[in-house]
Every structure is written in C-alpha cells, then in structure tokens.
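Novice: Right, I'll just put the structure down here and ask away after.
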Amino acid sequence: MGLKDQSIPSGISVPQTFIDGPVDMGLIKDFVIAAEDLGYQGLWVQEKIIGEISSLEPINLLSYISAMTSTAELGVAVLIGSTRNPILLAKELATLDQMSNGRLILGYALGGNPKNYRLMDGPDSKRVRHFIESLHAIKALWTEDSPNIQGDFWNFDGLPMYPKPVQNPHPPIWFGGRHPNALKRAVRYADGWMGAGSTTSDQFIEHVKIIRSELNRLNRSSDDFKISKRVYVAVDDNKSRAEDRLRTWFKANYGNSDLGSQVSVWGPSDEIVPELQRLI
C-alpha cells in the first residue's frame, strides 16, 4: 500500500537549507516532482531569515514549487507574523494561492526570538496583540471587498485587495507554538496547529491534550481543526550513521547537535514505524 492509499495525510519537507555546498535548485525540482508522484499530500518549507547557513526564503520557494507540481498542498511551517507587513503578506500569499490553484496552507506563529525580530520591524511590546491584529488584517483583506481595520498597529478603511485567494473563505491557517497559551490561542483563532520538530513525541502528546481540552471548552468540533507535527526522520540500516547525520544537521540548523537524538527517529524502517505510530 502506497502513500496515496493512506488515510492519515502525510507531508514532507522540501530541501531548503544547504550545509555543504551551493544552493541546488535542480535537486529541489527533482525532489518535489518525485514526492508528489509518490503520493505525499503536502510539500513543506520553513522560514529562516537570519543565520550562517544558506536557507531559501519560503514564499518565493513555494512559488517555484507550485510551477512544478499540481496536486500537493504547499505549506510553510511557519511564517513569523511579527516580522512581516500584513498587507504585503496578504497580497503575496493570495498570489501564491492563485498560482497554485488553491493549494496553500499558511503556518503562522508569534515566534520566540524578539531580539532578531526587532531588526525586521517587529514590535518591542504587545507582541501577542500585534500578532492577532495582523492576522485579522490578513483575513479581512482576503475575504472582504472593502475591509476596515482600526487597531493599535494597523489602521485602514475601505482598502480593497484583489485577487482574493482561490480557497474560500481563505487558505487554512495553522498556528505553531508550544506554550499552553499559544495552544489555546490556536484553537481560538486558527484552523489547525503544528507541533514543532524540536519537541519530543511525549511533549507533542501532552500538547494535543491541551488542544483537545480547549476545543471541548469552546464547543468546537475537532473535525474542523487540524493537528500535525513535524518529525525529523533518518532512515538507514546503519543506526549509528543515521544518528551522525542528524547530529550534523541539528548542529547547523538549531546550534545543538544533541537535540537530534531527543526529538528525532532514526535507524531501519521497521524501527521507525512504531515510533511514528505513537503520534497518530
């Protein structure tokens, strides 16, 4: 039974960071075409603007991917809401949804590094209010003919923006975050939630309990709220070699080579599958 036959949707991360050599667009092209052909339902990218390794900007990369695929959902996990102008972001993402014929999933998060975000005009204070207000602005621009936003950070009245996204009422918005307040905020404002790849399976299971409790408290159907997790996997019959690969990657991307063994699964496929099944 192939991926196309699975009842649980599965996505895969697109090559986006290049540690040992130059950016390889040919590799990305071959990868996304093969992944879609294999039946992966989603192709996912991340946002890493500042850092010492080469990492492609996510919206432009998804635009590139959209031209070479036709069925896979295109997701970003996640955009940091406090670093982007919501008017421009709404336009960029509506354009991407048009280019991909309605395949965009927007991962959206507050982020955890305010010092760096201030370099990109992020707020010094009231970060949560800024985040939610920006989200309201994006949704209004996507869904209303003459949107009106009067807030602490954004003020506009009768500001039209076209084209609207293909998806109605708008592309799905999935929050990130792991703090209990962030999890509850996801249930209140978003269409889904994504567990971070830097969290363990046990942490994810506890986070899901909070999500489900909040869904119940707000009388919100779990059928209308998507839950997912990024999982780092290294498949290799040589388990030691797989762990070494993870250590190298986590050192480059997270600055912590030990994190890989805490949050990843690795080794032969018959050992990996049971660990992944815990998350379903």
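In the structure tokens, each chain is lettered A, B, ... as it comes, each chain's residues begin at 1, and ligands are numbered from 1 in order of appearance.
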Report as an NGL selection string all protein, DNA and RNA residues lying within 6 Å of region 186-202 of chain A, evaluated on only C-alpha atoms, omitting residues in the same chain fewer than 3 positions from it.

Specialist: :A and (172-176 or 183 or 205 or 225-231 or 263)

Novice: Contacts of Asp157 (chain A) at 7 Å or less, counting only C-alpha atoms, minus same-chain residues fewer than 3 places along, as a ChimeraX atom specification?

Specialist: /A:147-149

Novice: Please produce an output containing N, CA and C atoms for each residue in the selection, written as a short mmCIF file (atom, residue, chain, number, x, y, z; two decimals), in the first residue's frame.

Specialist:
data_model
loop_
_atom_site.label_atom_id
_atom_site.label_comp_id
_atom_site.auth_asym_id
_atom_site.auth_seq_id
_atom_site.Cartn_x
_atom_site.Cartn_y
_atom_site.Cartn_z
N PRO A 147 -12.35 46.09 3.26
CA PRO A 147 -12.03 45.80 4.65
C PRO A 147 -11.70 47.05 5.46
N ASN A 148 -12.02 46.94 6.74
CA ASN A 148 -11.81 48.04 7.68
C ASN A 148 -11.13 47.48 8.93
N ILE A 149 -9.94 47.96 9.22
CA ILE A 149 -9.21 47.56 10.42
C ILE A 149 -8.82 48.82 11.19
#

Novice: Calculate how many Å separate CA of Ala90 (chain A) from CA of Leu106 (chain A), rounding to one decimal.

Specialist: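 About the pair CA of Ala90 (chain A) and CA of Leu106 (chain A): they are 10.7 Å apart.
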
Novice: From region 30-197 of chain A, collect each residue whose DSSP state is strand (DSSP E or B) and return the set as a PyMOL selection string.

Specialist: chain A and resi 42-45+54-55+73-80+104-109+148-150+155-157+173-175+192-195

Novice: If you take only C-alpha atoms and a cut-off of 8 Å, which residues of region 122-224 of chain A touch region 77-87 of chain A, and what are their nearest atom pairs and distances in Å to one decimal, in chain and number order, as CSV?

Specialist:
residue,atom,partner,partner_atom,distance
A:Gly122,CA,A:Thr83,CA,5.0
A:Pro123,CA,A:Ser82,CA,6.9
A:Arg127,CA,A:Ser82,CA,7.2
A:His130,CA,A:Ser82,CA,6.9
A:Phe131,CA,A:Gly81,CA,5.8
A:Ser134,CA,A:Pro86,CA,5.5
A:Leu135,CA,A:Pro86,CA,7.3
A:Ala137,CA,A:Pro86,CA,6.4
A:Ile138,CA,A:Pro86,CA,5.7
A:Leu141,CA,A:Ile87,CA,7.5
A:Phe175,CA,A:Val78,CA,7.8
A:Gly176,CA,A:Val78,CA,6.8
A:Met194,CA,A:Ala77,CA,7.7

Novice: Those residues you just picked out, can you put them in a file as an mmCIF file, in the first residue's frame with C-alpha atoms?

Specialist:
data_model
loop_
_atom_site.group_PDB
_atom_site.id
_atom_site.type_symbol
_atom_site.label_atom_id
_atom_site.label_comp_id
_atom_site.auth_asym_id
_atom_site.auth_seq_id
_atom_site.Cartn_x
_atom_site.Cartn_y
_atom_site.Cartn_z
ATOM 1 C CA GLY A 122 8.870 43.586 14.835
ATOM 2 C CA PRO A 123 7.179 45.184 17.863
ATOM 3 C CA ARG A 127 3.665 41.137 20.659
ATOM 4 C CA HIS A 130 0.357 42.750 17.192
ATOM 5 C CA PHE A 131 0.243 39.102 16.066
ATOM 6 C CA SER A 134 -2.009 41.289 11.851
ATOM 7 C CA LEU A 135 -3.942 38.040 11.445
ATOM 8 C CA ALA A 137 -5.893 42.282 8.805
ATOM 9 C CA ILE A 138 -4.813 39.404 6.552
ATOM 10 C CA LEU A 141 -8.021 41.606 3.042
ATOM 11 C CA PHE A 175 -0.566 28.133 14.239
ATOM 12 C CA GLY A 176 2.706 26.982 15.716
ATOM 13 C CA MET A 194 1.517 22.247 14.104
#

Novice: Just the helix (DSSP H, G or I) stuff from region 185-225 of chain A, please, per backbone DSSP, written as a list in words.

Specialist: Arg185, Ala186, Val187, Arg188, Tyr189, Ser201, Asp202, Gln203, Phe204, Ile205, Glu206, His207, Val208, Lys209, Ile210, Ile211, Arg212, Ser213, Glu214, Leu215, Asn216, Arg217, Ser222, Asp223 and Asp224 of chain A
